[in-house]
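What follows is a short report on a single structure.
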Amino acid sequence: QVQLVESGGGVVQAGGSLRLSCAASGSMGWYVMGWYRQAPGKQRELVAVITKGGTTTNYADSVKGRFTISRDNAKNTVYLQMNSLKVEDTAVYYCNARGTAATYWGQGTQVTVSS
């Protein structure tokens, strides 16, 4: 079983930046890693995903060109660099590890973007 712990959330003004981190308790190299978010009253949505080796990434249209997902398998950590933040990026951000047999979620970290 893998435990995921997110950090780096907070309050930032529109146009600002934050970097989220997600530390995995075990070897992360077996998993496709992703970041999701859920705003109040809305469904959880995929923000970004990165393959096991880190060679391929995919982003939601709403964050393309502003967010960057990366991973360091040696540190068992995945990151989400968020630039040019908008008020509509306000949400709880969740880390996700997807394997062939199981999927794991972190507890989430709140990101609030003020105008």
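Labels for the structure tokens follow display order: chains A, B, ..., residues from 1 in each chain, ligands from 1.
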Legend entry - Near-Arg19 in chain A list (9 Å; only C-alpha atoms; drop same-chain fewer than 4 positions) as a ChimeraX atom specification: /A:7-9,79-83
Legend entry - Residues near Thr112 in chain A, cut-off 7 Å, only C-alpha atoms, skip fewer than 4 positions along chain, as a list in words: Gly10, Val11, Val12, Thr90 and Ala91 of chain A
Legend entry - Within 8 Å of Ser25 in chain A using only C-alpha atoms, minus same-chain residues under 4 positions, as a VMD selection string: chain A and resid 2 to 4 76
Legend entry - Residue with smallest distance to Ala23 in chain A - pool A:Gly99, A:Gly53, A:Gly106, A:Gly41, counting only C-alpha atoms: A:Gly106
Legend entry - Polymer residues at most 10 Å from range 62-64 of chain A, only C-alpha atoms, same-chain spacing of 5 or more positions, as a ChimeraX atom specification: /A:47-48,82-86,88-89
Inset, instruction - Find the residue from A:Val5, A:Val111, A:Ile50, A:Leu18 that sits nearest to Asp72 in chain A; use only C-alpha atoms when measuring. - result: A:Ile50
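CA of Met28 in chain A sits 14.8 Å away from CA of Thr55 in chain A.
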Inset, instruction - Give me every strand (DSSP E or B) residue in range 12-96 of chain A, going by DSSP on the backbone, as a PyMOL selection string. - result: chain A and resi 12-13+18-24+32-38+45-50+57-59+67-72+77-82+91-96
Could you take the residues named above and write them with C-alpha atoms, as a PDB file, in the first residue's frame?
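Saved file part-v9.pdb follows:
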ATOM      1  CA  VAL A  12      -1.944  33.335  -3.116  1.00  0.00           C
ATOM      2  CA  GLN A  13      -3.012  36.340  -5.138  1.00  0.00           C
ATOM      3  CA  LEU A  18       2.673  27.841  -5.860  1.00  0.00           C
ATOM      4  CA  ARG A  19       4.438  24.501  -5.964  1.00  0.00           C
ATOM      5  CA  LEU A  20       2.675  21.470  -4.613  1.00  0.00           C
ATOM      6  CA  SER A  21       4.554  18.368  -3.525  1.00  0.00           C
ATOM      7  CA  CYS A  22       3.319  14.848  -2.964  1.00  0.00           C
ATOM      8  CA  ALA A  23       5.514  12.438  -1.053  1.00  0.00           C
ATOM      9  CA  ALA A  24       4.872   8.707  -1.389  1.00  0.00           C
ATOM     10  CA  VAL A  32       1.380   6.721 -13.011  1.00  0.00           C
ATOM     11  CA  MET A  33       1.080   9.847 -10.888  1.00  0.00           C
ATOM     12  CA  GLY A  34      -1.484  12.577 -11.208  1.00  0.00           C
ATOM     13  CA  TRP A  35      -2.904  15.693  -9.646  1.00  0.00           C
ATOM     14  CA  TYR A  36      -6.633  16.230  -9.401  1.00  0.00           C
ATOM     15  CA  ARG A  37      -8.653  19.050  -7.925  1.00  0.00           C
ATOM     16  CA  GLN A  38     -12.112  19.582  -6.552  1.00  0.00           C
ATOM     17  CA  GLU A  45     -11.268  16.747 -12.151  1.00  0.00           C
ATOM     18  CA  LEU A  46      -7.930  15.712 -13.566  1.00  0.00           C
ATOM     19  CA  VAL A  47      -5.348  18.503 -13.625  1.00  0.00           C
ATOM     20  CA  ALA A  48      -2.200  16.751 -14.817  1.00  0.00           C
ATOM     21  CA  VAL A  49      -0.733  13.277 -15.139  1.00  0.00           C
ATOM     22  CA  ILE A  50       2.779  11.950 -15.655  1.00  0.00           C
ATOM     23  CA  THR A  57       2.700  14.383 -19.371  1.00  0.00           C
ATOM     24  CA  ASN A  58      -0.854  15.418 -20.016  1.00  0.00           C
ATOM     25  CA  TYR A  59      -2.800  18.425 -18.795  1.00  0.00           C
ATOM     26  CA  PHE A  67       1.035  24.248 -14.692  1.00  0.00           C
ATOM     27  CA  THR A  68       3.882  21.757 -14.893  1.00  0.00           C
ATOM     28  CA  ILE A  69       3.900  18.274 -13.403  1.00  0.00           C
ATOM     29  CA  SER A  70       7.189  16.542 -12.664  1.00  0.00           C
ATOM     30  CA  ARG A  71       8.451  13.632 -10.617  1.00  0.00           C
ATOM     31  CA  ASP A  72      11.597  12.495  -8.857  1.00  0.00           C
ATOM     32  CA  THR A  77       7.923  12.733  -4.866  1.00  0.00           C
ATOM     33  CA  VAL A  78       5.747  14.295  -7.536  1.00  0.00           C
ATOM     34  CA  TYR A  79       5.387  18.031  -7.982  1.00  0.00           C
ATOM     35  CA  LEU A  80       2.924  20.454  -9.494  1.00  0.00           C
ATOM     36  CA  GLN A  81       4.322  23.867 -10.339  1.00  0.00           C
ATOM     37  CA  MET A  82       1.452  26.298 -10.730  1.00  0.00           C
ATOM     38  CA  ALA A  91      -9.784  24.019  -5.040  1.00  0.00           C
ATOM     39  CA  VAL A  92      -8.541  21.158  -2.933  1.00  0.00           C
ATOM     40  CA  TYR A  93      -5.738  19.482  -4.850  1.00  0.00           C
ATOM     41  CA  TYR A  94      -5.269  15.737  -4.543  1.00  0.00           C
ATOM     42  CA  CYS A  95      -2.331  13.549  -5.433  1.00  0.00           C
ATOM     43  CA  ASN A  96      -3.109  10.236  -7.130  1.00  0.00           C
TER      44      ASN A  96
END
Inset, instruction - Would you mind reading off the distance between CA of Tyr104 in chain A and CA of Val87 in chain A, one decimal, in Å? - result: 27.9 Å
Legend entry - Å distance separating CA of Ala14 in chain A from CA of Gly65 in chain A, one decimal place: 15.8 Å
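With distances restricted to only C-alpha atoms, A:Arg98 is the closest residue to Gln1 in chain A from A:Lys52, A:Lys42, A:Lys75, A:Arg98.
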